[in-house]
file run-v3.csv (CSV, C-alpha atoms)
chain,number,residue,atom,x,y,z
J,205,MET,CA,-148.8,115.7,79.5
J,206,LYS,CA,-145.5,117.2,78.5
J,207,LYS,CA,-147.1,120.5,77.7
J,208,ASN,CA,-148.7,120.6,81.2
J,209,ILE,CA,-145.3,119.8,82.8
J,210,LYS,CA,-143.9,122.8,81.1
J,211,LEU,CA,-146.7,125.1,82.3
J,212,VAL,CA,-146.3,123.9,85.9
J,213,LEU,CA,-142.6,124.0,86.2
J,214,GLY,CA,-141.6,126.7,83.7
J,215,ALA,CA,-138.3,127.0,82.0
J,216,SER,CA,-136.5,124.4,84.0
J,217,ALA,CA,-139.0,121.7,82.9
J,218,ALA,CA,-138.7,122.8,79.3
J,219,ALA,CA,-135.0,122.3,79.5
J,220,LEU,CA,-135.5,118.9,81.3
J,221,ILE,CA,-137.9,117.6,78.6
J,222,ALA,CA,-135.6,118.8,75.8
J,223,VAL,CA,-132.7,116.9,77.3
J,224,SER,CA,-134.8,113.8,77.9
J,225,LEU,CA,-135.8,113.8,74.2
J,226,GLY,CA,-132.3,114.4,73.0
J,227,ALA,CA,-133.2,117.9,71.7
J,228,THR,CA,-130.3,119.7,73.3
J,229,SER,CA,-126.6,119.1,73.5
J,230,ALA,CA,-125.0,117.5,76.6
J,231,SER,CA,-123.4,120.9,77.4
J,232,ALA,CA,-126.8,122.8,77.4
J,233,HIS,CA,-127.2,125.0,80.4
J,234,VAL,CA,-129.9,124.0,82.8
J,235,PRO,CA,-130.8,126.5,85.6
J,236,THR,CA,-130.1,125.2,89.1
J,237,SER,CA,-133.2,126.8,90.6
J,238,VAL,CA,-136.4,128.1,89.1
J,239,ARG,CA,-139.4,129.3,91.3
J,240,GLY,CA,-138.5,127.2,94.2
J,241,ASN,CA,-137.6,124.1,92.3
J,242,ALA,CA,-134.1,122.5,92.7
J,243,VAL,CA,-132.9,121.4,89.3
J,244,LEU,CA,-130.2,118.7,89.6
J,245,THR,CA,-128.0,117.1,86.9
J,246,ALA,CA,-126.0,113.9,87.0
J,247,HIS,CA,-123.5,112.9,84.4
J,248,LEU,CA,-123.6,109.1,84.3
J,249,THR,CA,-120.3,107.3,83.8
J,250,GLU,CA,-119.6,103.6,83.4
J,251,LEU,CA,-119.1,101.0,86.1
J,252,ASN,CA,-117.8,97.5,85.6
J,253,ASP,CA,-116.3,98.3,82.1
J,254,SER,CA,-119.9,98.4,80.8
J,255,GLY,CA,-119.3,101.2,78.3
J,256,ALA,CA,-122.6,102.8,79.5
J,257,SER,CA,-123.0,106.6,79.9
J,258,GLY,CA,-125.8,109.1,80.1
J,259,LYS,CA,-127.3,112.1,81.8
J,260,ALA,CA,-130.1,112.5,84.3
J,261,ILE,CA,-131.9,115.7,85.2
J,262,ALA,CA,-134.3,116.0,88.1
J,263,VAL,CA,-136.6,118.8,89.2
J,264,VAL,CA,-137.3,118.5,92.9
J,265,ARG,CA,-139.6,120.7,95.1
J,266,GLY,CA,-140.3,119.9,98.7
J,267,GLU,CA,-140.7,116.2,99.1
J,268,THR,CA,-141.6,115.5,95.5
J,269,ILE,CA,-139.6,114.9,92.3
J,270,ARG,CA,-141.7,117.0,90.0
J,271,ALA,CA,-140.0,115.4,87.0
J,272,ILE,CA,-136.9,113.3,86.2
J,273,ALA,CA,-135.5,112.4,82.9
J,274,ILE,CA,-132.7,110.0,82.0
J,275,ARG,CA,-131.0,109.5,78.7
J,276,ALA,CA,-128.6,106.5,78.6
J,277,LYS,CA,-126.5,104.7,76.0
J,278,GLY,CA,-123.9,102.0,75.7
J,279,LEU,CA,-126.1,99.6,77.6
J,280,SER,CA,-126.7,95.9,77.1
J,281,PRO,CA,-129.1,96.0,74.2
J,282,ASP,CA,-132.8,95.1,74.2
J,283,ALA,CA,-132.7,94.3,77.9
J,284,PRO,CA,-134.4,95.9,81.0
J,285,HIS,CA,-132.3,98.1,83.2
J,286,ALA,CA,-133.2,98.7,86.8
J,287,GLN,CA,-132.4,102.3,87.9
J,288,HIS,CA,-132.6,104.0,91.3
J,289,ILE,CA,-131.8,107.1,93.3
J,290,HIS,CA,-129.6,106.2,96.3
J,291,PHE,CA,-128.8,108.1,99.4
J,292,GLY,CA,-127.6,107.3,102.9
J,293,GLU,CA,-126.7,109.6,105.9
J,294,ASP,CA,-123.7,107.2,106.5
J,295,ALA,CA,-122.7,106.8,102.9
J,296,MET,CA,-120.2,108.8,100.9
J,297,ASN,CA,-123.0,109.6,98.4
J,298,GLU,CA,-120.7,109.2,95.4
J,299,CYS,CA,-120.0,106.6,92.8
J,300,PRO,CA,-117.9,103.5,93.7
J,301,THR,CA,-114.5,102.6,92.4
J,302,LEU,CA,-113.0,99.1,91.9
J,303,ALA,CA,-111.2,99.7,95.2
J,304,MET,CA,-114.5,98.7,96.8
J,305,ASP,CA,-114.4,95.2,95.2
J,306,THR,CA,-114.1,93.5,98.6
J,307,ASN,CA,-114.3,89.9,97.3
J,308,MET,CA,-111.6,90.7,94.6
J,309,ASP,CA,-113.6,89.2,91.7
J,310,GLY,CA,-112.8,92.1,89.4
J,311,ARG,CA,-116.2,93.7,89.5
J,312,ILE,CA,-118.4,95.9,91.8
J,313,ASN,CA,-121.7,94.3,92.7
J,314,THR,CA,-124.6,96.3,94.2
J,315,VAL,CA,-123.8,95.6,97.8
J,316,GLU,CA,-120.1,96.4,97.4
J,317,GLY,CA,-121.1,99.8,96.0
J,318,THR,CA,-123.5,100.6,98.8
J,319,PRO,CA,-121.0,102.3,101.1
J,320,ALA,CA,-120.3,104.8,98.2
J,321,TYR,CA,-123.8,105.5,96.9
J,322,GLY,CA,-126.0,104.5,99.9
J,323,PRO,CA,-129.3,102.5,100.1
J,324,ILE,CA,-132.0,102.9,97.5
J,325,VAL,CA,-134.5,105.6,98.3
J,326,VAL,CA,-136.4,105.8,95.0
J,327,SER,CA,-137.0,103.1,92.3
J,328,LEU,CA,-137.2,104.8,88.9
J,329,THR,CA,-139.8,102.5,87.5
J,330,THR,CA,-141.8,103.2,84.4
J,331,SER,CA,-145.2,102.8,86.2
J,332,GLY,CA,-146.6,102.1,89.6
J,333,ASP,CA,-144.8,102.0,92.9
J,334,THR,CA,-141.5,103.9,93.1
J,335,THR,CA,-140.4,103.0,96.7
J,336,PRO,CA,-137.4,100.7,97.4
J,337,ALA,CA,-139.9,97.8,97.5
J,338,SER,CA,-139.8,97.9,93.7
J,339,ALA,CA,-136.1,97.8,93.5
J,340,LEU,CA,-135.9,94.4,91.8
J,341,ASP,CA,-139.1,94.5,89.8
J,342,VAL,CA,-137.3,94.2,86.5
J,343,THR,CA,-140.5,94.2,84.5
J,344,ARG,CA,-141.2,97.8,85.4
J,345,PHE,CA,-137.9,99.4,84.4
J,346,PRO,CA,-136.8,100.8,81.0
J,347,VAL,CA,-135.8,98.4,78.2
J,348,SER,CA,-132.9,99.6,76.1
J,349,GLU,CA,-133.5,99.7,72.4
J,350,ASN,CA,-130.2,98.8,70.7
J,351,GLY,CA,-128.4,99.8,73.9
J,352,THR,CA,-130.2,103.2,74.5
J,353,TYR,CA,-133.2,104.5,76.3
J,354,LYS,CA,-134.9,107.8,77.3
J,355,TYR,CA,-136.9,107.9,80.5
J,356,LEU,CA,-139.3,110.5,81.8
J,357,ARG,CA,-141.5,110.3,84.9
J,358,THR,CA,-143.3,113.0,87.0
J,359,ASN,CA,-144.6,113.5,90.5
J,360,ILE,CA,-142.6,110.9,92.5
J,361,GLY,CA,-143.0,111.4,96.2
J,362,PHE,CA,-140.2,110.6,98.6
J,363,THR,CA,-141.0,108.2,101.4
J,364,ASP,CA,-139.5,107.2,104.8
J,365,VAL,CA,-136.8,104.6,104.2
J,366,PRO,CA,-135.4,102.5,107.0
J,367,GLY,CA,-131.6,102.3,107.2
J,368,THR,CA,-130.9,105.6,105.5
J,369,GLY,CA,-130.6,107.8,108.6
J,370,TYR,CA,-127.6,108.4,110.9
J,371,GLN,CA,-126.0,105.1,112.1
J,372,GLY,CA,-128.5,103.1,110.1
J,373,GLY,CA,-131.6,104.7,111.6
J,374,ASP,CA,-134.8,105.5,109.8
J,375,GLY,CA,-134.6,108.3,107.2
J,376,THR,CA,-137.7,110.4,106.9
J,377,ALA,CA,-139.1,111.6,103.6
J,378,ALA,CA,-138.3,115.2,104.5
J,379,ASP,CA,-134.7,114.4,105.4
J,380,ILE,CA,-134.2,112.3,102.2
J,381,ALA,CA,-135.7,115.0,100.1
J,382,GLU,CA,-133.5,117.7,101.7
J,383,ALA,CA,-130.4,115.6,101.0
J,384,ILE,CA,-131.3,115.1,97.4
J,385,ARG,CA,-132.0,118.8,96.9
J,386,ASP,CA,-128.6,119.5,98.5
J,387,GLY,CA,-126.8,117.3,95.9
J,388,GLN,CA,-126.3,114.1,97.8
J,389,GLY,CA,-128.5,111.8,95.6
J,390,VAL,CA,-126.8,109.2,93.3
J,391,VAL,CA,-128.4,107.8,90.2
J,392,VAL,CA,-127.4,104.2,89.5
J,393,ILE,CA,-128.3,102.1,86.5
J,394,HIS,CA,-128.0,98.3,86.5
J,395,GLY,CA,-127.9,95.4,84.1
J,396,ASN,CA,-124.8,94.0,82.3
J,397,ASP,CA,-124.9,91.1,79.8
J,398,TYR,CA,-121.4,90.1,80.7
J,399,ASP,CA,-121.2,87.1,78.3
J,400,GLY,CA,-122.9,88.9,75.4
J,401,ASN,CA,-125.4,86.2,74.7
J,402,GLY,CA,-128.3,88.6,74.3
J,403,THR,CA,-130.0,87.7,77.6
J,404,TYR,CA,-129.5,87.9,81.3
J,405,ASN,CA,-128.4,84.5,82.6
J,406,LEU,CA,-126.2,82.9,85.3
J,407,SER,CA,-123.0,83.8,83.5
J,408,ASP,CA,-119.7,82.4,84.6
J,409,PRO,CA,-118.1,83.4,86.9
J,410,GLU,CA,-120.7,86.1,87.9
J,411,GLY,CA,-123.5,83.6,88.8
J,412,ALA,CA,-126.5,84.7,90.9
J,413,SER,CA,-127.2,88.1,92.3
J,414,GLU,CA,-126.1,88.8,95.9
J,415,LEU,CA,-129.5,90.6,96.3
J,416,ASP,CA,-131.7,87.7,95.2
J,417,PRO,CA,-130.4,84.3,94.3
J,418,THR,CA,-133.3,83.8,91.8
J,419,LEU,CA,-131.8,86.6,89.7
J,420,PRO,CA,-128.6,86.6,87.7
J,421,ALA,CA,-125.9,89.0,88.8
J,422,GLU,CA,-126.1,90.3,85.3
J,423,VAL,CA,-129.5,91.9,86.2
J,424,THR,CA,-128.4,93.7,89.4
J,425,ASP,CA,-124.7,94.6,88.8
J,426,PRO,CA,-124.4,98.4,88.4
J,427,VAL,CA,-123.3,99.7,85.0
J,428,ALA,CA,-123.6,103.5,85.2
J,429,CYS,CA,-123.5,106.0,88.0
J,430,GLY,CA,-123.7,109.8,88.6
J,431,VAL,CA,-124.3,112.2,91.5
J,432,LEU,CA,-127.3,114.6,91.2
J,433,HIS,CA,-125.8,118.1,91.7

call {"tool": "encode", "arguments": {"input": "run-v3.csv", "output": "structure tokens"}}
result
Amino acid sequence: MKKNIKLVLGASAAALIAVSLGATSASAHVPTSVRGNAVLTAHLTELNDSGASGKAIAVVRGETIRAIAIRAKGLSPDAPHAQHIHFGEDAMNECPTLAMDTNMDGRINTVEGTPAYGPIVVSLTTSGDTTPASALDVTRFPVSENGTYKYLRTNIGFTDVPGTGYQGGDGTAADIAEAIRDGQGVVVIHGNDYDGNGTYNLSDPEGASELDPTLPAEVTDPVACGVLH
């Protein structure tokens, strides 16, 4: 499969796959455009004092992510980590800061970060559906091995997403794809074992997730973020 990706996408995909496998340095040059493909890179930095970091590279053409790779480290070990691409016409389309901690509990939850990075437009699952409907399907996201993972997926189509357009209107797949190609997409990784007990649980004081009360906040709190430029 990896050989075929190289043949279809050319040099940009070769660079993408090399980074996804850790074969190149973090400073390796990746072309920004090859044969009509937009090649975007995000340098992921920590949120919520997680210690997480990483790099994402996406090759986008038209309304399709031809390939996306993520290499992340410093994560809560041996745990699943939800990851998404965010965008919103009304959002700042950047990573949040602690200044957005509206309830003053000392951390940024997913909802508090939304004005910065926008709603979810793509769920970067390991298999199956990639729409926002899969945003919390934790069983289909990468599991960190000793705090690291490498992710690669191909041919993800953008879809219409309600709430991502101007003044909360519907965003079309074409509009979202254009915004991502123009450098407005934000990659966010979630999952923070705050109490360090080796599992996601209703830690104190974080408690339940604001997105789904059946999930711990440890599952959904953001831990790393970067803008795809």

call {"tool": "closest_residue", "arguments": {"input": "run-v3.csv", "among": "J:Thr268, J:Asn307, J:Gln388, J:Ser348", "to": "Tyr321 in chain J", "atoms": "all atoms listed in the file"}}
result
J:Gln388

call {"tool": "residues_around", "arguments": {"input": "run-v3.csv", "residues": "Ala260 in chain J", "least_positions_apart": "4", "cutoff": "7 Å", "atoms": "only C-alpha atoms", "output": "list in words"}}
result
Thr245, Ala246, His247, Ala273, Ile274 and Arg275 of chain J

call {"tool": "residues_near_point", "arguments": {"input": "run-v3.csv", "point": "(-141.1, 111.1, 104.0)", "cutoff": "10 Å", "atoms": "only C-alpha atoms", "output": "PyMOL selection string"}}
result
chain J and resi 267-268+361-365+375-381

call {"tool": "closest_residue", "arguments": {"input": "run-v3.csv", "among": "J:Asn350, J:Ser413, J:Thr358, J:Ser327", "to": "Ile289 in chain J", "atoms": "all atoms listed in the file"}}
result
J:Ser327

call {"tool": "closest_residue", "arguments": {"input": "run-v3.csv", "among": "J:Gly266, J:Pro323, J:Pro281, J:Asn241", "to": "Gly372 in chain J", "atoms": "only C-alpha atoms"}}
result
J:Pro323

call {"tool": "closest_residue", "arguments": {"input": "run-v3.csv", "among": "J:Thr314, J:Gln287, J:Thr306, J:Thr329", "to": "Arg344 in chain J", "atoms": "all atoms listed in the file"}}
result
J:Thr329

call {"tool": "closest_residue", "arguments": {"input": "run-v3.csv", "among": "J:Glu414, J:Asp425, J:Asp386, J:Asp305", "to": "Val264 in chain J", "atoms": "all atoms listed in the file"}}
result
J:Asp386

call {"tool": "closest_residue", "arguments": {"input": "run-v3.csv", "among": "J:His285, J:Asp408, J:Cys299, J:Leu415", "to": "Leu248 in chain J", "atoms": "only C-alpha atoms"}}
result
J:Cys299

call {"tool": "atom_distance", "arguments": {"input": "run-v3.csv", "atom1": "CA of Lys277 in chain J", "atom2": "CA of Val347 in chain J"}}
result
11.4 Å

call {"tool": "residues_near_point", "arguments": {"input": "run-v3.csv", "point": "(-131.3, 106.3, 91.4)", "cutoff": "8 Å", "atoms": "only C-alpha atoms", "output": "ChimeraX atom specification"}}
result
/J:287-290,324-328,389-393

call {"tool": "atom_distance", "arguments": {"input": "run-v3.csv", "atom1": "CA of Ala286 in chain J", "atom2": "CA of Gly317 in chain J"}}
result
15.2 Å

call {"tool": "atom_distance", "arguments": {"input": "run-v3.csv", "atom1": "CA of Thr318 in chain J", "atom2": "CA of Pro426 in chain J"}}
result
10.7 Å

call {"tool": "residues_around", "arguments": {"input": "run-v3.csv", "residues": "Gly322 in chain J", "least_positions_apart": "5", "cutoff": "7 Å", "atoms": "all atoms listed in the file", "output": "list in words"}}
result
His290, Phe291, Gly292, Ala295 and Asn297 of chain J
